[in-house]
file query_8.pdb (PDB, C-alpha atoms, pLDDT in the B column)
ATOM      1  CA  MET A   1     178.374 155.578  72.603  1.00 64.00           C
ATOM      2  CA  ALA A   2     180.844 155.167  69.723  1.00 66.00           C
ATOM      3  CA  LYS A   3     183.016 157.974  71.133  1.00 66.00           C
ATOM      4  CA  ALA A   4     183.201 156.233  74.512  1.00 63.00           C
ATOM      5  CA  VAL A   5     184.282 152.953  72.897  1.00 60.00           C
ATOM      6  CA  ILE A   6     186.942 154.683  70.792  1.00 64.00           C
ATOM      7  CA  TRP A   7     188.308 156.600  73.785  1.00 58.00           C
ATOM      8  CA  SER A   8     188.361 153.357  75.787  1.00 60.00           C
ATOM      9  CA  VAL A   9     190.471 151.749  73.062  1.00 58.00           C
ATOM     10  CA  VAL A  10     192.739 154.811  72.975  1.00 56.00           C
ATOM     11  CA  VAL A  11     193.281 154.613  76.761  1.00 54.00           C
ATOM     12  CA  VAL A  12     193.977 150.862  76.662  1.00 54.00           C
ATOM     13  CA  VAL A  13     196.540 151.248  73.852  1.00 52.00           C
ATOM     14  CA  LEU A  14     198.238 154.137  75.665  1.00 49.00           C
ATOM     15  CA  MET A  15     198.392 152.187  78.945  1.00 54.00           C
ATOM     16  CA  ALA A  16     199.854 149.166  77.135  1.00 48.00           C
ATOM     17  CA  SER A  17     202.529 151.412  75.611  1.00 45.00           C
ATOM     18  CA  ILE A  18     203.436 152.803  79.020  1.00 47.00           C
ATOM     19  CA  ALA A  19     203.537 149.330  80.585  1.00 45.00           C
ATOM     20  CA  SER A  20     205.885 148.025  77.882  1.00 43.00           C
ATOM     21  CA  VAL A  21     208.347 150.858  78.595  1.00 47.00           C
ATOM     22  CA  PHE A  22     208.544 150.030  82.298  1.00 56.00           C
ATOM     23  CA  ALA A  23     208.397 146.232  82.013  1.00 69.00           C
ATOM     24  CA  ALA A  24     211.125 144.390  83.864  1.00 87.00           C
ATOM     25  CA  THR A  25     213.487 142.140  81.955  1.00 93.00           C
ATOM     26  CA  THR A  26     214.427 138.581  82.869  1.00 95.00           C
ATOM     27  CA  HIS A  27     218.029 137.947  81.841  1.00 97.00           C
ATOM     28  CA  ASP A  28     218.943 134.318  81.091  1.00 97.00           C
ATOM     29  CA  VAL A  29     222.419 134.169  82.611  1.00 97.00           C
ATOM     30  CA  GLY A  30     224.949 133.036  80.018  1.00 96.00           C
ATOM     31  CA  GLY A  31     222.377 133.124  77.209  1.00 94.00           C
ATOM     32  CA  SER A  32     222.077 129.731  75.547  1.00 92.00           C
ATOM     33  CA  THR A  33     225.101 128.466  77.526  1.00 91.00           C
ATOM     34  CA  GLY A  34     223.256 128.723  80.838  1.00 97.00           C
ATOM     35  CA  TRP A  35     224.969 128.473  84.234  1.00 98.00           C
ATOM     36  CA  MET A  36     227.828 125.966  84.017  1.00 98.00           C
ATOM     37  CA  ILE A  37     231.609 125.714  84.260  1.00 97.00           C
ATOM     38  CA  PRO A  38     232.585 127.673  81.160  1.00 96.00           C
ATOM     39  CA  SER A  39     235.234 126.583  78.697  1.00 93.00           C
ATOM     40  CA  ASP A  40     236.545 130.174  78.751  1.00 91.00           C
ATOM     41  CA  SER A  41     236.969 132.157  81.978  1.00 90.00           C
ATOM     42  CA  THR A  42     235.547 135.288  80.297  1.00 94.00           C
ATOM     43  CA  THR A  43     232.245 133.681  79.241  1.00 95.00           C
ATOM     44  CA  TYR A  44     230.093 135.368  81.903  1.00 97.00           C
ATOM     45  CA  THR A  45     232.035 138.643  81.766  1.00 96.00           C
ATOM     46  CA  ASN A  46     231.434 138.853  78.026  1.00 96.00           C
ATOM     47  CA  TRP A  47     227.767 137.915  78.412  1.00 97.00           C
ATOM     48  CA  ALA A  48     227.197 140.589  81.101  1.00 96.00           C
ATOM     49  CA  ALA A  49     228.933 143.254  78.999  1.00 96.00           C
ATOM     50  CA  GLY A  50     226.170 142.881  76.405  1.00 94.00           C
ATOM     51  CA  GLN A  51     223.338 143.392  78.907  1.00 95.00           C
ATOM     52  CA  THR A  52     221.835 146.326  80.771  1.00 95.00           C
ATOM     53  CA  PHE A  53     220.643 145.392  84.256  1.00 96.00           C
ATOM     54  CA  ARG A  54     218.121 147.541  86.122  1.00 97.00           C
ATOM     55  CA  VAL A  55     216.439 147.459  89.497  1.00 96.00           C
ATOM     56  CA  GLY A  56     213.281 145.383  88.992  1.00 95.00           C
ATOM     57  CA  ASP A  57     214.888 143.003  86.483  1.00 97.00           C
ATOM     58  CA  SER A  58     215.597 139.352  87.297  1.00 97.00           C
ATOM     59  CA  LEU A  59     218.418 136.929  86.601  1.00 98.00           C
ATOM     60  CA  ARG A  60     217.452 133.395  85.580  1.00 98.00           C
ATOM     61  CA  PHE A  61     220.217 130.850  86.266  1.00 98.00           C
ATOM     62  CA  THR A  62     219.528 127.596  84.403  1.00 98.00           C
ATOM     63  CA  PHE A  63     221.594 124.551  85.348  1.00 98.00           C
ATOM     64  CA  PRO A  64     221.254 120.816  86.034  1.00 97.00           C
ATOM     65  CA  THR A  65     219.885 120.628  89.595  1.00 96.00           C
ATOM     66  CA  GLY A  66     222.346 118.780  91.782  1.00 96.00           C
ATOM     67  CA  SER A  67     225.333 119.699  89.598  1.00 97.00           C
ATOM     68  CA  HIS A  68     225.484 123.463  90.245  1.00 98.00           C
ATOM     69  CA  ASN A  69     223.973 126.159  92.437  1.00 98.00           C
ATOM     70  CA  VAL A  70     224.090 129.936  92.655  1.00 98.00           C
ATOM     71  CA  MET A  71     224.753 132.306  95.507  1.00 98.00           C
ATOM     72  CA  GLU A  72     225.145 136.037  95.728  1.00 98.00           C
ATOM     73  CA  VAL A  73     228.311 136.990  97.598  1.00 98.00           C
ATOM     74  CA  SER A  74     230.357 140.030  98.576  1.00 98.00           C
ATOM     75  CA  LYS A  75     233.083 141.331  96.261  1.00 98.00           C
ATOM     76  CA  SER A  76     235.820 139.847  98.445  1.00 98.00           C
ATOM     77  CA  ASP A  77     234.069 136.442  98.478  1.00 98.00           C
ATOM     78  CA  TYR A  78     233.630 136.715  94.690  1.00 98.00           C
ATOM     79  CA  ASP A  79     237.319 137.483  94.214  1.00 98.00           C
ATOM     80  CA  SER A  80     238.420 134.612  96.495  1.00 98.00           C
ATOM     81  CA  CYS A  81     235.574 132.203  95.561  1.00 98.00           C
ATOM     82  CA  THR A  82     234.577 131.928  99.223  1.00 97.00           C
ATOM     83  CA  THR A  83     231.212 130.212  99.751  1.00 97.00           C
ATOM     84  CA  THR A  84     230.772 130.541 103.538  1.00 96.00           C
ATOM     85  CA  ALA A  85     228.678 133.739 103.661  1.00 96.00           C
ATOM     86  CA  PRO A  86     226.175 133.860 100.790  1.00 97.00           C
ATOM     87  CA  ILE A  87     223.820 136.824 100.690  1.00 96.00           C
ATOM     88  CA  GLY A  88     220.271 135.473 100.843  1.00 92.00           C
ATOM     89  CA  GLY A  89     221.253 131.808 100.912  1.00 93.00           C
ATOM     90  CA  THR A  90     222.105 129.312  98.215  1.00 97.00           C
ATOM     91  CA  LYS A  91     219.756 128.578  95.316  1.00 97.00           C
ATOM     92  CA  ALA A  92     220.141 124.894  94.450  1.00 97.00           C
ATOM     93  CA  THR A  93     217.103 124.251  92.241  1.00 97.00           C
ATOM     94  CA  SER A  94     217.026 125.248  88.596  1.00 97.00           C
ATOM     95  CA  PRO A  95     215.926 127.574  87.242  1.00 97.00           C
ATOM     96  CA  ALA A  96     217.006 129.893  90.061  1.00 97.00           C
ATOM     97  CA  ILE A  97     215.439 133.304  89.568  1.00 97.00           C
ATOM     98  CA  LEU A  98     216.933 136.174  91.534  1.00 97.00           C
ATOM     99  CA  SER A  99     215.348 139.625  91.578  1.00 96.00           C
ATOM    100  CA  LEU A 100     217.565 142.665  91.267  1.00 97.00           C
ATOM    101  CA  SER A 101     216.202 144.938  93.981  1.00 95.00           C
ATOM    102  CA  THR A 102     219.129 147.308  94.591  1.00 96.00           C
ATOM    103  CA  ALA A 103     221.389 149.334  92.329  1.00 97.00           C
ATOM    104  CA  GLY A 104     225.144 148.801  92.340  1.00 97.00           C
ATOM    105  CA  MET A 105     227.522 145.915  91.849  1.00 98.00           C
ATOM    106  CA  HIS A 106     226.262 142.367  92.492  1.00 98.00           C
ATOM    107  CA  TYR A 107     228.393 139.216  92.564  1.00 98.00           C
ATOM    108  CA  TYR A 108     227.307 135.598  91.972  1.00 98.00           C
ATOM    109  CA  ILE A 109     229.222 132.324  92.136  1.00 98.00           C
ATOM    110  CA  CYS A 110     228.601 128.599  91.977  1.00 98.00           C
ATOM    111  CA  GLY A 111     229.281 127.080  95.395  1.00 97.00           C
ATOM    112  CA  PHE A 112     230.348 123.645  94.171  1.00 98.00           C
ATOM    113  CA  PRO A 113     234.061 122.979  94.795  1.00 96.00           C
ATOM    114  CA  GLN A 114     236.338 124.389  92.078  1.00 97.00           C
ATOM    115  CA  HIS A 115     233.430 125.712  89.945  1.00 98.00           C
ATOM    116  CA  CYS A 116     233.954 129.387  90.850  1.00 98.00           C
ATOM    117  CA  SER A 117     237.726 129.173  90.437  1.00 97.00           C
ATOM    118  CA  SER A 118     237.084 127.578  87.025  1.00 97.00           C
ATOM    119  CA  GLY A 119     235.141 130.670  85.910  1.00 97.00           C
ATOM    120  CA  GLN A 120     231.558 129.968  87.030  1.00 98.00           C
ATOM    121  CA  LYS A 121     231.083 133.446  88.474  1.00 98.00           C
ATOM    122  CA  LEU A 122     229.263 136.579  87.416  1.00 98.00           C
ATOM    123  CA  SER A 123     229.578 140.234  88.391  1.00 98.00           C
ATOM    124  CA  ILE A 124     227.053 142.797  87.184  1.00 98.00           C
ATOM    125  CA  ASN A 125     226.324 146.474  87.647  1.00 97.00           C
ATOM    126  CA  VAL A 126     222.632 147.080  88.345  1.00 97.00           C
ATOM    127  CA  LEU A 127     221.332 150.522  87.417  1.00 96.00           C
ATOM    128  CA  SER A 128     218.459 152.267  89.134  1.00 91.00           C
ATOM    129  CA  SER A 129     215.277 151.989  87.107  1.00 78.00           C
ATOM    130  CA  THR A 130     215.599 155.647  86.064  1.00 69.00           C
ATOM    131  CA  SER A 131     219.309 155.611  85.073  1.00 55.00           C
ATOM    132  CA  SER A 132     220.420 156.091  81.513  1.00 53.00           C
ATOM    133  CA  SER A 133     221.326 152.981  79.551  1.00 48.00           C
ATOM    134  CA  VAL A 134     224.879 151.907  80.392  1.00 45.00           C
ATOM    135  CA  GLN A 135     226.243 148.414  79.955  1.00 46.00           C
ATOM    136  CA  SER A 136     227.874 146.529  82.835  1.00 45.00           C
ATOM    137  CA  PRO A 137     231.622 147.070  82.696  1.00 47.00           C
ATOM    138  CA  PRO A 138     233.605 143.857  82.474  1.00 46.00           C
ATOM    139  CA  PRO A 139     235.707 143.229  85.575  1.00 47.00           C
ATOM    140  CA  SER A 140     239.422 142.831  85.016  1.00 44.00           C
ATOM    141  CA  THR A 141     240.582 139.259  84.776  1.00 43.00           C
ATOM    142  CA  THR A 142     243.917 137.527  84.952  1.00 40.00           C
ATOM    143  CA  PRO A 143     244.667 134.091  83.570  1.00 38.00           C
ATOM    144  CA  ALA A 144     246.563 131.414  85.467  1.00 39.00           C
ATOM    145  CA  SER A 145     249.832 132.766  84.009  1.00 36.00           C
ATOM    146  CA  GLY A 146     249.268 136.039  85.888  1.00 38.00           C
ATOM    147  CA  GLY A 147     249.224 138.368  82.866  1.00 37.00           C
ATOM    148  CA  PRO A 148     246.239 140.526  81.945  1.00 37.00           C
ATOM    149  CA  THR A 149     243.706 139.351  79.427  1.00 36.00           C
ATOM    150  CA  SER A 150     241.601 141.230  76.939  1.00 35.00           C
ATOM    151  CA  PRO A 151     237.975 140.272  77.135  1.00 36.00           C
ATOM    152  CA  SER A 152     236.276 139.566  73.827  1.00 36.00           C
ATOM    153  CA  PRO A 153     234.133 142.372  72.463  1.00 35.00           C
ATOM    154  CA  PRO A 154     230.727 142.452  74.142  1.00 36.00           C
ATOM    155  CA  SER A 155     227.800 140.921  72.361  1.00 36.00           C
ATOM    156  CA  THR A 156     225.206 143.320  71.125  1.00 35.00           C
ATOM    157  CA  GLY A 157     222.402 141.569  72.974  1.00 39.00           C
ATOM    158  CA  GLY A 158     219.284 142.133  70.964  1.00 38.00           C
ATOM    159  CA  GLY A 159     217.509 138.953  72.022  1.00 40.00           C
ATOM    160  CA  PRO A 160     214.280 138.754  73.978  1.00 39.00           C
ATOM    161  CA  ASN A 161     216.215 138.769  77.246  1.00 41.00           C
ATOM    162  CA  SER A 162     218.266 141.862  76.608  1.00 39.00           C
ATOM    163  CA  ALA A 163     217.126 145.172  78.001  1.00 40.00           C
ATOM    164  CA  SER A 164     216.529 147.958  75.494  1.00 38.00           C
ATOM    165  CA  SER A 165     217.326 151.613  75.946  1.00 38.00           C
ATOM    166  CA  PRO A 166     214.668 153.467  77.937  1.00 43.00           C
ATOM    167  CA  LEU A 167     214.939 156.318  75.430  1.00 41.00           C
ATOM    168  CA  HIS A 168     213.767 153.938  72.715  1.00 39.00           C
ATOM    169  CA  GLY A 169     210.781 152.979  74.863  1.00 45.00           C
ATOM    170  CA  PHE A 170     209.900 156.604  75.582  1.00 46.00           C
ATOM    171  CA  GLY A 171     210.154 157.372  71.863  1.00 47.00           C
ATOM    172  CA  VAL A 172     207.735 154.569  71.065  1.00 44.00           C
ATOM    173  CA  MET A 173     205.398 155.742  73.828  1.00 50.00           C
ATOM    174  CA  ALA A 174     205.577 159.385  72.644  1.00 51.00           C
ATOM    175  CA  LEU A 175     204.902 158.399  69.039  1.00 49.00           C
ATOM    176  CA  SER A 176     201.982 156.189  70.117  1.00 53.00           C
ATOM    177  CA  SER A 177     200.546 159.060  72.152  1.00 56.00           C
ATOM    178  CA  VAL A 178     200.778 161.501  69.231  1.00 55.00           C
ATOM    179  CA  VAL A 179     199.133 159.025  66.864  1.00 53.00           C
ATOM    180  CA  LEU A 180     196.328 158.379  69.350  1.00 55.00           C
ATOM    181  CA  VAL A 181     195.686 162.091  69.964  1.00 59.00           C
ATOM    182  CA  VAL A 182     195.653 162.868  66.233  1.00 56.00           C
ATOM    183  CA  ALA A 183     193.330 159.914  65.588  1.00 55.00           C
ATOM    184  CA  GLY A 184     191.058 161.119  68.384  1.00 60.00           C
ATOM    185  CA  HIS A 185     190.841 164.606  66.878  1.00 59.00           C
ATOM    186  CA  LEU A 186     190.159 163.266  63.398  1.00 58.00           C
ATOM    187  CA  LEU A 187     187.378 161.013  64.656  1.00 57.00           C
ATOM    188  CA  PHE A 188     185.652 163.706  66.660  1.00 58.00           C
TER     189      PHE A 188
END
call {"tool": "encode", "arguments": {"input": "query_8.pdb", "output": "structure tokens"}}
result
Amino acid sequence: MAKAVIWSVVVVVLMASIASVFAATTHDVGGSTGWMIPSDSTTYTNWAAGQTFRVGDSLRFTFPTGSHNVMEVSKSDYDSCTTTAPIGGTKATSPAILSLSTAGMHYYICGFPQHCSSGQKLSINVLSSTSSSVQSPPPSTTPASGGPTSPSPPSTGGGPNSASSPLHGFGVMALSSVVLVVAGHLLF
């Protein structure tokens, strides 16, 4: 009876370790800034550069309802801030949570007049759930003067809404498995 209880605990701990490795991440767009007209046109580029986005993750856009919205658009609509053909409609109620269901580049803008052209736009690279950990590359930007800009160095993430390397998760899972197997052999 005691062996069955111990093995049950071992299985539960192992399953919890596996689940934590494959858990999806919800990214709070803009971090503590949220989804708003930024004071700096590189705000969302810099934020995205510090994140790793994977299929299965979600983006949470937080904004004052009635003052902003969010829509996914094509690259050309992102570049031109065109709001006439959103992909999947417009999300007008905050928080707007959008699931990342396909790998590749994704583009988001605020559809309120002049918000996108004022920098309220986000482009991200979504990795497949099995890809190695690579950060989203910042898109090139040009200021009103027409010259190139240098985006600020990316943040290191590290908060509860930043994705961690899958290798780290597999290392934790492997170590947990070894500890559980050794403990099982010592107990029996």
call {"tool": "closest_residue", "arguments": {"input": "query_8.pdb", "among": "A:Pro113, A:Val55, A:Leu100, A:Lys75", "to": "A:Leu127", "atoms": "only C-alpha atoms"}}
result
A:Val55
call {"tool": "closest_residue", "arguments": {"input": "query_8.pdb", "among": "A:Ala92, A:Val29, A:Leu122, A:Ala85", "to": "A:Met105", "atoms": "all atoms listed in the file"}}
result
A:Leu122
call {"tool": "residues_around", "arguments": {"input": "query_8.pdb", "residues": "A:Asp28", "least_positions_apart": "3", "cutoff": "10 Å", "atoms": "only C-alpha atoms", "output": "list of chain:residue names"}}
result
A:Thr25, A:Gly31, A:Ser32, A:Thr33, A:Gly34, A:Trp35, A:Trp47, A:Ser58, A:Leu59, A:Arg60, A:Phe61, A:Thr62, A:Pro95, A:Ile97, A:Pro160, A:Asn161, A:Ser162
call {"tool": "residues_around", "arguments": {"input": "query_8.pdb", "residues": "stretch 37-40 of chain A", "least_positions_apart": "3", "cutoff": "10 Å", "atoms": "all atoms listed in the file", "output": "PyMOL selection string"}}
result
chain A and resi 30+33-34+43-44+68+110+114-121
call {"tool": "atom_distance", "arguments": {"input": "query_8.pdb", "atom1": "atom CA of A:Thr52", "atom2": "atom CA of A:Val126"}}
result
7.7 Å
call {"tool": "atom_distance", "arguments": {"input": "query_8.pdb", "atom1": "atom CA of A:Thr90", "atom2": "atom CA of A:Thr45"}}
result
21.4 Å
call {"tool": "atom_distance", "arguments": {"input": "query_8.pdb", "atom1": "atom CA of A:Ser99", "atom2": "atom CA of A:Asp57"}}
result
6.1 Å
call {"tool": "residues_near_point", "arguments": {"input": "query_8.pdb", "point": "(234.2, 138.3, 90.9)", "cutoff": "8 Å", "atoms": "only C-alpha atoms", "output": "list of chain:residue names"}}
result
A:Lys75, A:Ser76, A:Asp77, A:Tyr78, A:Asp79, A:Ser80, A:Cys81, A:Tyr107, A:Tyr108, A:Ile109, A:Lys121, A:Leu122, A:Ser123, A:Pro139
call {"tool": "closest_residue", "arguments": {"input": "query_8.pdb", "among": "A:Ser67, A:Asn125, A:Ser74, A:Thr42", "to": "A:Gly88", "atoms": "only C-alpha atoms"}}
result
A:Ser74
call {"tool": "closest_residue", "arguments": {"input": "query_8.pdb", "among": "A:Ser41, A:Thr82, A:Thr93, A:Gln51", "to": "A:Val70", "atoms": "all atoms listed in the file"}}
result
A:Thr93
call {"tool": "axis_aligned_box", "arguments": {"input": "query_8.pdb", "around": "stretch 122-127 of chain A", "padding_each_side": "8 Å", "output": "AutoDock Vina command-line options"}}
result
--center_x 225.5 --center_y 143.6 --center_z 87.8 --size_x 24.2 --size_y 29.9 --size_z 17.2
call {"tool": "build_atoms", "arguments": {"input": "query_8.pdb", "residues": "stretch 97-119 of chain A", "atoms": "N, CA, C and O atoms", "output": "CSV table (one decimal), keeping the file's coordinate frame"}}
result
chain,number,residue,atom,x,y,z
A,97,ILE,N,215.7,131.9,90.0
A,97,ILE,CA,215.4,133.3,89.6
A,97,ILE,C,215.7,134.3,90.7
A,97,ILE,O,215.1,134.1,91.8
A,98,LEU,N,216.6,135.2,90.5
A,98,LEU,CA,216.9,136.2,91.5
A,98,LEU,C,216.5,137.6,91.1
A,98,LEU,O,216.9,138.0,90.0
A,99,SER,N,215.8,138.3,91.9
A,99,SER,CA,215.3,139.6,91.6
A,99,SER,C,216.4,140.6,91.9
A,99,SER,O,217.1,140.5,92.9
A,100,LEU,N,216.6,141.6,91.0
A,100,LEU,CA,217.6,142.7,91.3
A,100,LEU,C,216.8,143.8,91.9
A,100,LEU,O,216.1,144.6,91.3
A,101,SER,N,217.0,143.9,93.2
A,101,SER,CA,216.2,144.9,94.0
A,101,SER,C,217.0,146.2,94.4
A,101,SER,O,216.4,147.1,94.9
A,102,THR,N,218.3,146.1,94.2
A,102,THR,CA,219.1,147.3,94.6
A,102,THR,C,220.1,147.6,93.5
A,102,THR,O,220.6,146.7,92.8
A,103,ALA,N,220.4,148.9,93.3
A,103,ALA,CA,221.4,149.3,92.3
A,103,ALA,C,222.8,149.1,92.9
A,103,ALA,O,223.0,148.9,94.1
A,104,GLY,N,223.7,149.0,92.0
A,104,GLY,CA,225.1,148.8,92.3
A,104,GLY,C,225.7,147.5,91.8
A,104,GLY,O,225.0,146.8,91.1
A,105,MET,N,226.9,147.2,92.3
A,105,MET,CA,227.5,145.9,91.8
A,105,MET,C,226.9,144.7,92.6
A,105,MET,O,226.7,144.8,93.8
A,106,HIS,N,226.7,143.6,91.9
A,106,HIS,CA,226.3,142.4,92.5
A,106,HIS,C,227.2,141.3,92.0
A,106,HIS,O,227.6,141.3,90.8
A,107,TYR,N,227.4,140.3,92.9
A,107,TYR,CA,228.4,139.2,92.6
A,107,TYR,C,227.8,137.9,92.8
A,107,TYR,O,227.2,137.6,93.9
A,108,TYR,N,227.9,136.9,91.9
A,108,TYR,CA,227.3,135.6,92.0
A,108,TYR,C,228.4,134.5,91.7
A,108,TYR,O,229.2,134.7,90.8
A,109,ILE,N,228.3,133.4,92.4
A,109,ILE,CA,229.2,132.3,92.1
A,109,ILE,C,228.5,131.0,92.3
A,109,ILE,O,227.4,130.9,92.9
A,110,CYS,N,229.1,130.0,91.7
A,110,CYS,CA,228.6,128.6,92.0
A,110,CYS,C,229.4,128.1,93.2
A,110,CYS,O,230.6,128.3,93.3
A,111,GLY,N,228.7,127.5,94.2
A,111,GLY,CA,229.3,127.1,95.4
A,111,GLY,C,229.9,125.7,95.4
A,111,GLY,O,230.4,125.2,96.4
A,112,PHE,N,229.8,125.0,94.2
A,112,PHE,CA,230.3,123.6,94.2
A,112,PHE,C,231.9,123.8,94.1
A,112,PHE,O,232.4,124.7,93.5
A,113,PRO,N,232.6,122.9,94.8
A,113,PRO,CA,234.1,123.0,94.8
A,113,PRO,C,234.7,123.1,93.4
A,113,PRO,O,234.3,122.4,92.5
A,114,GLN,N,235.6,124.1,93.3
A,114,GLN,CA,236.3,124.4,92.1
A,114,GLN,C,235.5,125.0,90.9
A,114,GLN,O,236.1,125.4,89.9
A,115,HIS,N,234.2,125.1,91.0
A,115,HIS,CA,233.4,125.7,89.9
A,115,HIS,C,233.7,127.2,89.8
A,115,HIS,O,233.9,127.7,88.7
A,116,CYS,N,233.7,127.9,90.9
A,116,CYS,CA,234.0,129.4,90.8
A,116,CYS,C,235.4,129.6,90.3
A,116,CYS,O,235.6,130.5,89.4
A,117,SER,N,236.3,129.0,90.9
A,117,SER,CA,237.7,129.2,90.4
A,117,SER,C,237.9,128.8,89.0
A,117,SER,O,238.9,129.2,88.4
A,118,SER,N,237.0,128.0,88.4
A,118,SER,CA,237.1,127.6,87.0
A,118,SER,C,236.3,128.5,86.1
A,118,SER,O,236.2,128.3,84.9
A,119,GLY,N,235.8,129.6,86.7
A,119,GLY,CA,235.1,130.7,85.9
A,119,GLY,C,233.6,130.8,86.0
A,119,GLY,O,233.0,131.6,85.4
